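Trainee: Quick one: the structure is below, questions incoming.
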Amino acid sequence: MKFIIRGGKPLYGEITLAGSKNTASKLMITSLLTDEPCTLTNFPRIGDAEITAELCRTIGSDVRLDGDTLSISTPKIKNSRVLELSRRNRIPILALAPLLTRAGEGEVPIVGGDKIGHRPVDLHIKALEALGAEIKVTPISYIARAKKGLFGGVINLGFPSVGATENAVLAAVCANGRTVIKNAALEPEIISMIKMLQNMGAIVELGAERDIYIEGVKHLRGVTHEVPSDRNEAVSFACLGIATGGDVFLKGAIQEHLITFLNVVRKTGAEYEVKPDGIRFWRPASPKLQPGLDSSRQGRRGGPNSLKSVYIETAPHPGFMTDWQQPLAVLLTQAEGNSTIHEAIYEDRFAYVADLNSVGAKIEVSKDCPDGRWCRFAAKGVLHVARISGPVELKGGGKFAVRDLRGGMVDIIAALVAKGESEIEGVEEIDRGYENIDERLRKLGAEIQRTD
Ligand code: EPU
């Protein structure tokens, strides 16, 4: 399937954010810890959740989606081996925790996910082993056993991995005794999982210095829990609105989840306003045409370019999130000066740069950390720094093949900024994480059609 997009005009209007992709699937896995029914509201209609529903059904869940309410109930674990499922997302490894808790064993396929670099699961395995599980890695699967049950322990995460923290929390809540997770990730997605677990009867405490303390309990009950809005959607649509020179209101955007991004928006010279029910983003109009500047250096509504270059470095929460750098990169092609994005979470997250350069962007990718900055990829020879010179006029006529979920959003934003028609192939990957993206963008005035 592909999108045909005619871009080059500012987008205006309101868009309601869907429930967070990276929370929704994890909460389905969380529900596997109880034999009672759970209800998840504000649930997104995305491919990733369907893949996870298939996984839960294989394990023994009854899963129903009615509007944006998902009901999931797993009275019995019917199947603790879920090997037949393909490696389409990274969720199966998290299922090991509830399978160990309720069945004493589990086998899940080696996980897939985006093509964004080496994605090891050593920290997941160490976390489960610290609680008494025995793990065997085969060429196609992870086999976990805890015949005598899981026991509280100390888990020291070498890096505050989101997935490994989630696995550790899920395994510890019903383990026998007390667990300490050190150097834990504290992303809003994890806090949502902890809130749901607390309402199910778990005892989870957040300490200082990225510590999480958990007292294991014997039984968890069913719960109704709301999936928070997707902060990655928020950033994608905010960058889209600003990059096209438009004005968008993101209903449901949560300031607390976006603090670092909002600071960057301010530094670029774009504007935002936090309202009770969401956040508005826009690119300020510049008052006068500036004589002597060529058209690409003038702001979209006349006058000197109102967007300025910035330096950003991705980091675990509360830092600038790695999933935000791709839409921001498109915005920065429209900003005056040289911007730098230093990617310190994933080693291979700049493949999308080739797409942008093919339609007129000027981005160089390098292996060297910027002067005076260091990250764990410094001596690894991986392309983890992008230098963006702007502003440039992006050209229509682009033909993109979606590389990964967030790279697909880059293609959409670039096509909507560029004057003329562009084509994006392989939009199924975008559907995995963005609900009805074409329909929702049309409400902002985007000319986007889906064809086979
Ligand atoms: N890492 C290890 N060992 C591990 C686990 C992670 O070395 O056992 C490393 C990874 O290789 C990576 C870094 O730690 O360099 C961060 O990985 P993390 O475990 O934090 O990420 P994740 O749980 O695999 C989730 C999101 C990603 C998001 C990251 C960072 C889901 C399903 N995925 O991945 O989202 O970028 O956290 O916030 O929640 C996306 O939505 O497109 C996406 C890739």
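Lettering and numbering for the structure tokens are positional, with chains as A, B, ... in the shown order, residues counted from 1 in each chain, and ligands counted from 1 in the shown order.
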Give as a PDB file with N, CA and C atoms, in the first residue's frame the residues surrounding ligand 1 up to a distance of 7 Å, considering only C-alpha atoms and all ligand atoms.
Mentor:
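File part13.pdb, as written:
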ATOM      1  N   ASN A  22       3.311   2.576  22.603  1.00  0.00           N
ATOM      2  CA  ASN A  22       4.288   1.888  23.452  1.00  0.00           C
ATOM      3  C   ASN A  22       3.792   1.653  24.870  1.00  0.00           C
ATOM      4  N   THR A  23       2.552   2.123  25.160  1.00  0.00           N
ATOM      5  CA  THR A  23       1.947   1.776  26.444  1.00  0.00           C
ATOM      6  C   THR A  23       0.902   0.688  26.237  1.00  0.00           C
ATOM      7  N   ARG A  90       8.434  -6.236  19.397  1.00  0.00           N
ATOM      8  CA  ARG A  90       9.365  -6.621  20.456  1.00  0.00           C
ATOM      9  C   ARG A  90       8.644  -6.998  21.748  1.00  0.00           C
ATOM     10  N   ILE A  91       7.326  -7.199  21.656  1.00  0.00           N
ATOM     11  CA  ILE A  91       6.546  -7.437  22.865  1.00  0.00           C
ATOM     12  C   ILE A  91       6.716  -8.852  23.449  1.00  0.00           C
ATOM     13  N   ASP A 114      11.827  -2.611  14.930  1.00  0.00           N
ATOM     14  CA  ASP A 114      12.376  -1.736  13.904  1.00  0.00           C
ATOM     15  C   ASP A 114      13.819  -2.076  13.527  1.00  0.00           C
ATOM     16  N   HIS A 118      21.446  -2.758  16.433  1.00  0.00           N
ATOM     17  CA  HIS A 118      21.572  -3.966  17.223  1.00  0.00           C
ATOM     18  C   HIS A 118      20.657  -3.788  18.445  1.00  0.00           C
ATOM     19  N   ARG A 119      19.707  -4.697  18.663  1.00  0.00           N
ATOM     20  CA  ARG A 119      18.821  -4.510  19.831  1.00  0.00           C
ATOM     21  C   ARG A 119      18.894  -5.739  20.730  1.00  0.00           C
ATOM     22  N   PRO A 120      19.927  -5.814  21.549  1.00  0.00           N
ATOM     23  CA  PRO A 120      20.096  -6.986  22.411  1.00  0.00           C
ATOM     24  C   PRO A 120      19.042  -7.045  23.507  1.00  0.00           C
ATOM     25  N   VAL A 121      18.900  -8.215  24.140  1.00  0.00           N
ATOM     26  CA  VAL A 121      17.960  -8.345  25.265  1.00  0.00           C
ATOM     27  C   VAL A 121      18.682  -8.881  26.505  1.00  0.00           C
ATOM     28  N   ASP A 122      20.009  -8.691  26.539  1.00  0.00           N
ATOM     29  CA  ASP A 122      20.799  -9.205  27.667  1.00  0.00           C
ATOM     30  C   ASP A 122      20.287  -8.681  29.015  1.00  0.00           C
ATOM     31  N   LEU A 123      19.831  -7.426  29.048  1.00  0.00           N
ATOM     32  CA  LEU A 123      19.382  -6.851  30.329  1.00  0.00           C
ATOM     33  C   LEU A 123      18.056  -7.472  30.771  1.00  0.00           C
ATOM     34  N   HIS A 124      17.190  -7.822  29.796  1.00  0.00           N
ATOM     35  CA  HIS A 124      15.935  -8.519  30.132  1.00  0.00           C
ATOM     36  C   HIS A 124      16.287  -9.855  30.790  1.00  0.00           C
ATOM     37  N   PHE A 159      22.154  -0.137  31.782  1.00  0.00           N
ATOM     38  CA  PHE A 159      21.621   1.007  31.039  1.00  0.00           C
ATOM     39  C   PHE A 159      20.127   1.056  31.373  1.00  0.00           C
ATOM     40  N   PRO A 160      19.562   2.260  31.549  1.00  0.00           N
ATOM     41  CA  PRO A 160      18.130   2.305  31.914  1.00  0.00           C
ATOM     42  C   PRO A 160      17.226   1.940  30.731  1.00  0.00           C
ATOM     43  N   SER A 161      17.254   0.660  30.362  1.00  0.00           N
ATOM     44  CA  SER A 161      16.460   0.164  29.227  1.00  0.00           C
ATOM     45  C   SER A 161      14.974   0.160  29.580  1.00  0.00           C
ATOM     46  N   VAL A 162      14.159   0.657  28.650  1.00  0.00           N
ATOM     47  CA  VAL A 162      12.708   0.703  28.856  1.00  0.00           C
ATOM     48  C   VAL A 162      12.165  -0.720  28.978  1.00  0.00           C
ATOM     49  N   GLY A 163      12.452  -1.549  27.978  1.00  0.00           N
ATOM     50  CA  GLY A 163      11.905  -2.902  27.955  1.00  0.00           C
ATOM     51  C   GLY A 163      12.381  -3.735  29.144  1.00  0.00           C
ATOM     52  N   ALA A 164      13.683  -3.650  29.469  1.00  0.00           N
ATOM     53  CA  ALA A 164      14.210  -4.475  30.566  1.00  0.00           C
ATOM     54  C   ALA A 164      13.595  -4.033  31.899  1.00  0.00           C
ATOM     55  N   PRO A 316      17.642   8.800  27.801  1.00  0.00           N
ATOM     56  CA  PRO A 316      16.482   8.222  28.480  1.00  0.00           C
ATOM     57  C   PRO A 316      15.648   9.335  29.125  1.00  0.00           C
ATOM     58  N   MET A 321      13.682  12.317  23.746  1.00  0.00           N
ATOM     59  CA  MET A 321      13.470  10.922  23.377  1.00  0.00           C
ATOM     60  C   MET A 321      13.989  10.600  21.962  1.00  0.00           C
ATOM     61  N   THR A 322      14.534   9.408  21.820  1.00  0.00           N
ATOM     62  CA  THR A 322      15.068   8.990  20.511  1.00  0.00           C
ATOM     63  C   THR A 322      13.988   8.961  19.413  1.00  0.00           C
ATOM     64  N   ASP A 323      12.738   8.693  19.774  1.00  0.00           N
ATOM     65  CA  ASP A 323      11.669   8.646  18.757  1.00  0.00           C
ATOM     66  C   ASP A 323      11.236  10.041  18.305  1.00  0.00           C
ATOM     67  N   ILE A 345      20.947   6.769  21.908  1.00  0.00           N
ATOM     68  CA  ILE A 345      20.198   5.586  22.370  1.00  0.00           C
ATOM     69  C   ILE A 345      20.362   4.423  21.389  1.00  0.00           C
ATOM     70  N   TYR A 346      20.126   4.674  20.103  1.00  0.00           N
ATOM     71  CA  TYR A 346      20.265   3.616  19.097  1.00  0.00           C
ATOM     72  C   TYR A 346      21.401   3.955  18.147  1.00  0.00           C
ATOM     73  N   GLU A 347      22.131   2.913  17.741  1.00  0.00           N
ATOM     74  CA  GLU A 347      23.332   3.168  16.943  1.00  0.00           C
ATOM     75  C   GLU A 347      23.038   3.376  15.453  1.00  0.00           C
ATOM     76  N   LEU A 405       9.141   2.505  11.426  1.00  0.00           N
ATOM     77  CA  LEU A 405       7.970   3.284  11.830  1.00  0.00           C
ATOM     78  C   LEU A 405       8.236   4.791  11.881  1.00  0.00           C
ATOM     79  N   ARG A 406       9.254   5.204  12.634  1.00  0.00           N
ATOM     80  CA  ARG A 406       9.496   6.650  12.790  1.00  0.00           C
ATOM     81  C   ARG A 406      10.070   7.246  11.499  1.00  0.00           C
TER      82      ARG A 406
END
Trainee: If we count only C-alpha atoms, what is near Arg440 of chain A at a cut-off of 12 Å, once residues fewer than 5 positions away on the same chain are taken out, given as a list in words?
Mentor: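 With the cut-off at 12 Å, the set is Leu11, Tyr12, Gly13, Glu14, Ile15, Thr16, Leu17, Ala18, Glu233, Phe237, Leu250, Tyr434, Glu435, Gly445, Ala446, Glu447, Ile448 and Gln449 of chain A.
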Trainee: Restricting the calculation to only C-alpha atoms: of A:Asp355, A:Asp348, A:Asp411, A:Asp230, which residue gets closest to Pro327 of chain A?
Mentor: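 Checking each of A:Asp355, A:Asp348, A:Asp411, A:Asp230 against Pro327 of chain A, counting only C-alpha atoms, the winner is A:Asp411.
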Trainee: Looking at A:Val217, A:Ala103, A:Ala379, A:Leu258, which one is nearest to Arg178 of chain A, with distances taken over only C-alpha atoms?
Mentor: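 The answer is A:Val217, which sits nearest to Arg178 of chain A.
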Trainee: Using only C-alpha atoms, determine which residues lie at most 9 Å from His225 of chain A, disregarding the query and same-chain residues fewer than 3 positions distant; provide the list as a PyMOL selection string.
Mentor: chain A and resi 27+38-42+192+195-196+199
Trainee: Generate a file of the selected residues that holds N, CA, C and O atoms, formatted as a compact mmCIF listing (two decimals), in the first residue's frame.
Mentor:
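Here's the written file result.txt:
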# COMPACT_ATOMS: atom_id res chain seq x y z
N LEU A 27 0.42 -2.78 28.40
CA LEU A 27 -0.66 -2.94 29.39
C LEU A 27 -1.45 -4.23 29.14
O LEU A 27 -1.97 -4.85 30.07
N CYS A 38 -9.70 -7.34 32.70
CA CYS A 38 -9.17 -5.96 32.73
C CYS A 38 -9.76 -5.18 31.56
O CYS A 38 -10.07 -5.75 30.51
N THR A 39 -9.89 -3.88 31.75
CA THR A 39 -10.42 -3.01 30.68
C THR A 39 -9.43 -1.88 30.46
O THR A 39 -9.00 -1.23 31.42
N LEU A 40 -9.07 -1.67 29.19
CA LEU A 40 -8.15 -0.58 28.87
C LEU A 40 -8.90 0.42 27.99
O LEU A 40 -9.39 0.06 26.92
N THR A 41 -9.03 1.65 28.49
CA THR A 41 -9.75 2.68 27.72
C THR A 41 -8.76 3.54 26.95
O THR A 41 -7.56 3.48 27.19
N ASN A 42 -9.27 4.36 26.02
CA ASN A 42 -8.45 5.16 25.11
C ASN A 42 -7.45 4.28 24.37
O ASN A 42 -6.30 4.64 24.16
N SER A 192 2.86 4.51 33.62
CA SER A 192 1.48 4.07 33.38
C SER A 192 1.32 2.60 33.78
O SER A 192 0.32 2.22 34.41
N LYS A 195 1.21 2.41 37.52
CA LYS A 195 -0.09 2.85 38.07
C LYS A 195 -1.13 1.75 37.92
O LYS A 195 -1.93 1.49 38.82
N MET A 196 -1.14 1.10 36.75
CA MET A 196 -2.10 0.01 36.54
C MET A 196 -1.84 -1.11 37.54
O MET A 196 -2.77 -1.61 38.19
N ASN A 199 -3.05 -0.30 41.00
CA ASN A 199 -4.50 -0.45 41.13
C ASN A 199 -4.96 -1.91 41.08
O ASN A 199 -6.08 -2.23 41.46
Trainee: Could you list, as a tab-separated table (two decimals) with C-alpha atoms, in the first residue's frame, every residue within 10 Å of Glu129 of chain A, counting only C-alpha atoms and ignoring same-chain residues fewer than 2 positions away?
Mentor:
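Final file, around16.tsv:
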chain	number	residue	atom	x	y	z
A	123	LEU	CA	19.38	-6.85	30.33
A	124	HIS	CA	15.93	-8.52	30.13
A	125	ILE	CA	17.57	-11.90	30.62
A	126	LYS	CA	19.77	-10.73	33.51
A	127	ALA	CA	16.74	-9.17	35.22
A	131	LEU	CA	14.70	-13.17	40.27
A	132	GLY	CA	15.49	-16.87	39.98
A	133	ALA	CA	14.48	-17.73	36.40
A	134	GLU	CA	16.64	-20.01	34.28
A	135	ILE	CA	16.86	-18.79	30.71
A	144	ALA	CA	12.45	-19.47	30.67
A	145	ARG	CA	11.76	-21.65	33.71
A	146	ALA	CA	11.11	-20.90	37.38
A	150	LEU	CA	10.24	-16.16	41.21
A	151	PHE	CA	12.03	-14.61	44.21
A	153	GLY	CA	16.28	-9.81	44.27
A	155	ILE	CA	18.49	-6.04	39.56
A	168	ALA	CA	11.76	-6.58	35.72
Trainee: What's around Phe400 of chain A at 9 Å? Count only C-alpha atoms, leave out sequence neighbours fewer than 5 positions away in its own chain, and write the answer as an NGL selection string.
Mentor: :A and (355 or 408 or 411 or 422-426)
Trainee: Store the residues picked out above in a file with all heavy atoms, as a short mmCIF file (atom, residue, chain, number, x, y, z; two decimals), in the first residue's frame.
Mentor:
data_model
loop_
_atom_site.label_atom_id
_atom_site.label_comp_id
_atom_site.auth_asym_id
_atom_site.auth_seq_id
_atom_site.Cartn_x
_atom_site.Cartn_y
_atom_site.Cartn_z
N ASP A 355 16.52 9.61 2.59
CA ASP A 355 15.23 10.05 2.02
C ASP A 355 15.19 11.57 1.97
O ASP A 355 14.81 12.17 0.97
CB ASP A 355 14.04 9.55 2.87
CG ASP A 355 13.85 8.05 2.75
OD1 ASP A 355 14.62 7.42 2.01
OD2 ASP A 355 12.92 7.52 3.40
N GLY A 408 9.11 6.36 8.62
CA GLY A 408 7.91 6.54 7.78
C GLY A 408 7.27 7.88 8.05
O GLY A 408 6.77 8.56 7.14
N ASP A 411 9.05 10.55 6.18
CA ASP A 411 8.65 10.62 4.78
C ASP A 411 7.35 11.41 4.64
O ASP A 411 7.20 12.23 3.73
CB ASP A 411 8.47 9.20 4.20
CG ASP A 411 9.78 8.41 4.22
OD1 ASP A 411 10.85 9.05 4.26
OD2 ASP A 411 9.72 7.16 4.21
N SER A 422 4.43 13.56 -3.97
CA SER A 422 5.40 12.53 -3.55
C SER A 422 4.67 11.22 -3.30
O SER A 422 3.46 11.21 -3.09
CB SER A 422 6.11 12.93 -2.25
OG SER A 422 6.56 14.24 -2.30
N GLU A 423 5.45 10.14 -3.29
CA GLU A 423 4.87 8.81 -3.12
C GLU A 423 5.58 8.08 -1.99
O GLU A 423 6.81 8.11 -1.92
CB GLU A 423 5.14 8.03 -4.42
CG GLU A 423 3.95 7.33 -4.98
CD GLU A 423 4.33 6.65 -6.28
OE1 GLU A 423 4.82 5.49 -6.21
OE2 GLU A 423 4.14 7.27 -7.33
N ILE A 424 4.80 7.44 -1.13
CA ILE A 424 5.42 6.68 -0.03
C ILE A 424 4.92 5.25 -0.08
O ILE A 424 3.73 4.99 0.06
CB ILE A 424 5.06 7.32 1.34
CG1 ILE A 424 5.50 8.78 1.38
CG2 ILE A 424 5.69 6.52 2.48
CD1 ILE A 424 5.09 9.52 2.65
N GLU A 425 5.82 4.32 -0.29
CA GLU A 425 5.50 2.88 -0.38
C GLU A 425 5.66 2.21 0.96
O GLU A 425 6.55 2.58 1.73
CB GLU A 425 6.52 2.19 -1.27
CG GLU A 425 6.35 2.30 -2.74
CD GLU A 425 5.44 1.26 -3.34
OE1 GLU A 425 4.82 0.49 -2.58
OE2 GLU A 425 5.33 1.26 -4.56
N GLY A 426 4.84 1.19 1.23
CA GLY A 426 5.04 0.37 2.44
C GLY A 426 4.45 1.01 3.68
O GLY A 426 5.04 0.97 4.76
#
Trainee: Which residues are near Cys174 of chain A? Cut-off 8 Å, only C-alpha atoms, ignore same chain within fewer than 4 positions. Put them as JSON, numbers by chain.
Mentor: {"A": [101, 150, 170, 202, 216, 217, 218, 219, 220]}
Trainee: At what distance in Å, to one decimal, does atom CA of Ile190 of chain A lie from atom CA of Gly177 of chain A?
Mentor: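 Distance between the two atoms: 21.4 Å.
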Trainee: Could you check the closest approach to Val353 of chain A for each of A:Ile72, A:Val330, A:Ala243, A:Ala335 and tell me which residue wins, using only C-alpha atoms?
Mentor: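 Of A:Ile72, A:Val330, A:Ala243, A:Ala335, the one nearest Val353 of chain A, counting only C-alpha atoms, is A:Val330.
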Trainee: Quote the spacing between atom CA of Glu105 of chain A and atom CA of Val82 of chain A in Å to one decimal place.
Mentor: 11.5 Å
